[in-house]
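Take a look at the structure set out below.
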Amino acid sequence: MIRERAEHQKQEKAIPKGVAKFIVKAVVIFITWQLLYHLILQPSGIPDKALTQMVLSGTVQMLSVFYSSVQQVGNSILIGGRPSINIEDACNGLELIALYLGYIILLPGNWKRMASYILIGVVAIYLLNIVRCSLLAYLFQHDISTANFAHKYAFKLVVYGFVFAGWMSYSKNLKNVAAKN
């Protein structure tokens, strides 16, 4: 009786196989990404430089809808000749995209479904980052204290909330697909 109870308690404390597998895969993906990024990609500027330029260009195009004089000088955006924001590699959304991709890749699912979530999610994060940078440019022109708050807190909450919603949608749909099978 005591032996059975001890065995039962041991089973209750054990990490479920699915969770353990998820954690191991997450650690492997994280380490692989960190090594790939810091040892190969970042020193060569790939894909940071290209992504930063794409975000800069998209932000200039979006701001040009609202302002007659918007220009990019290096990594800076000027509105009416006045400096507004600098978009550096750390602001290009790459880490957020990698975080989103890592979670989607970790979960089971068919490749077609996974590819659609990856494509739609990456494009949506990129576009959301352009909107974020455009709003920051506007705020830095008109209200620096609000711009600082938005940059440090509000936009992070919105962007990470969006990524979390994408993850939840993908996870929820996994339950629906599993229930059908």
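To be explicit about the labels: the chains of the structure tokens are called A, B, and onward in the order shown, and within each one the residues are counted from 1, while ligands get numbers from 1 in the order they are shown.
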
Residue neighbourhood Cys91 of chain A, 10 Å, only C-alpha atoms, exclusion window fewer than 5 positions, as a PyMOL selection string: chain A and resi 48+51-52+55+86+96+129+133

So that I have them on file, write out the residues from the current selection with C-alpha atoms, as a compact mmCIF listing (two decimals), in the first residue's frame.
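part.txt written:
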# COMPACT_ATOMS: atom_id res chain seq x y z
CA ASP A 48 19.32 43.16 -39.52
CA LEU A 51 15.08 44.50 -42.22
CA THR A 52 15.98 47.85 -40.66
CA VAL A 55 11.15 49.27 -41.69
CA ASN A 86 16.09 56.84 -35.40
CA LEU A 96 9.99 39.53 -31.97
CA ASN A 129 6.25 47.63 -36.48
CA CYS A 133 7.50 53.54 -35.76

Residue contacts of Gly80 of chain A (10 Å, only C-alpha atoms) excluding same-chain residues fewer than 2 positions away, as a list in words: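 Neighbouring residues, sequence-local ones excluded: Tyr67, Ser68, Ser69, Val70, Gln71, Ile77, Leu78, Arg82, Pro83, Ser84 and Gln141 of chain A.
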
Take the residues from that selection and write them out as an mmCIF file, in the first residue's frame, keeping N, CA and C atoms.
data_model
loop_
_atom_site.group_PDB
_atom_site.id
_atom_site.type_symbol
_atom_site.label_atom_id
_atom_site.label_comp_id
_atom_site.auth_asym_id
_atom_site.auth_seq_id
_atom_site.Cartn_x
_atom_site.Cartn_y
_atom_site.Cartn_z
ATOM 1 N N TYR A 67 2.261 63.655 -44.023
ATOM 2 C CA TYR A 67 3.148 64.818 -44.048
ATOM 3 C C TYR A 67 3.686 65.011 -45.464
ATOM 4 N N SER A 68 3.852 66.281 -45.845
ATOM 5 C CA SER A 68 4.332 66.559 -47.210
ATOM 6 C C SER A 68 5.843 66.408 -47.336
ATOM 7 N N SER A 69 6.566 66.558 -46.242
ATOM 8 C CA SER A 69 8.022 66.495 -46.310
ATOM 9 C C SER A 69 8.563 65.485 -45.300
ATOM 10 N N VAL A 70 8.773 64.265 -45.762
ATOM 11 C CA VAL A 70 9.349 63.209 -44.923
ATOM 12 C C VAL A 70 10.554 62.654 -45.668
ATOM 13 N N GLN A 71 11.670 62.542 -44.959
ATOM 14 C CA GLN A 71 12.848 61.976 -45.604
ATOM 15 C C GLN A 71 13.637 61.116 -44.630
ATOM 16 N N ILE A 77 14.692 59.538 -39.428
ATOM 17 C CA ILE A 77 13.572 60.032 -40.226
ATOM 18 C C ILE A 77 13.329 61.473 -39.823
ATOM 19 N N LEU A 78 13.259 62.331 -40.823
ATOM 20 C CA LEU A 78 12.996 63.742 -40.607
ATOM 21 C C LEU A 78 11.605 64.072 -41.130
ATOM 22 N N ARG A 82 12.831 68.376 -39.564
ATOM 23 C CA ARG A 82 13.148 68.206 -38.142
ATOM 24 C C ARG A 82 13.348 66.719 -37.826
ATOM 25 N N PRO A 83 14.417 66.398 -37.078
ATOM 26 C CA PRO A 83 14.625 64.998 -36.692
ATOM 27 C C PRO A 83 13.435 64.478 -35.884
ATOM 28 N N SER A 84 13.036 63.251 -36.187
ATOM 29 C CA SER A 84 11.906 62.659 -35.488
ATOM 30 C C SER A 84 12.338 61.401 -34.736
ATOM 31 N N GLN A 141 7.439 64.238 -32.536
ATOM 32 C CA GLN A 141 7.286 65.581 -33.099
ATOM 33 C C GLN A 141 6.381 66.456 -32.233
#

I'd like a table as a tab-separated table: residues in segment 58-172 of chain A with an atom no more than 12 Å from segment 11-24 of chain A, each row giving the shortest atom pair and its distance in Å to one decimal, only C-alpha atoms counted, sorted by chain and rising residue number.
residue	atom	partner	partner_atom	distance
A:Gly102	CA	A:Phe22	CA	11.2
A:Tyr103	CA	A:Phe22	CA	9.7
A:Ile104	CA	A:Phe22	CA	11.4
A:Ile105	CA	A:Phe22	CA	10.4
A:Leu106	CA	A:Phe22	CA	6.6
A:Leu107	CA	A:Phe22	CA	7.7
A:Pro108	CA	A:Phe22	CA	9.8

For Ala147 of chain A: contacts at 12 Å, only C-alpha atoms, fewer than 2 positions along chain excluded, given as an MDAnalysis selection string: chainID A and resid 84:85 132:145 149:155

Using only C-alpha atoms: which of A:Val65, A:Tyr117, A:Lys112, A:Ala98 has the shortest distance to Thr32 of chain A: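 For Thr32 of chain A, the nearest of the candidates is A:Ala98.
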
Among the residues A:Ile79, A:Ile40, A:Val123, A:Leu99, the one that comes closest to Phe164 of chain A [using only C-alpha atoms]: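 Smallest distance to Phe164 of chain A is found for A:Leu99.
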
Spatial neighbours of Ile118 of chain A, max dist 7 Å, only C-alpha atoms, sep filter under 4 positions, as a ChimeraX atom specification: /A:101,114,122

Which of segment 4-105 of chain A fall in strand (DSSP E or B), as an NGL selection string: :A and (70-73 or 76-79 or 82-86)

Counting only C-alpha atoms, the option among A:Ser76, A:Val131, A:Gly45, A:Ile31 closest to Met62 of chain A: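 Closest to Met62 of chain A, using only C-alpha atoms: A:Val131.
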
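Proximity ranking of A:Ile130, A:Ile29, A:Leu39, A:Ala115 relative to Leu63 of chain A places A:Ile130 first, based on only C-alpha atoms.
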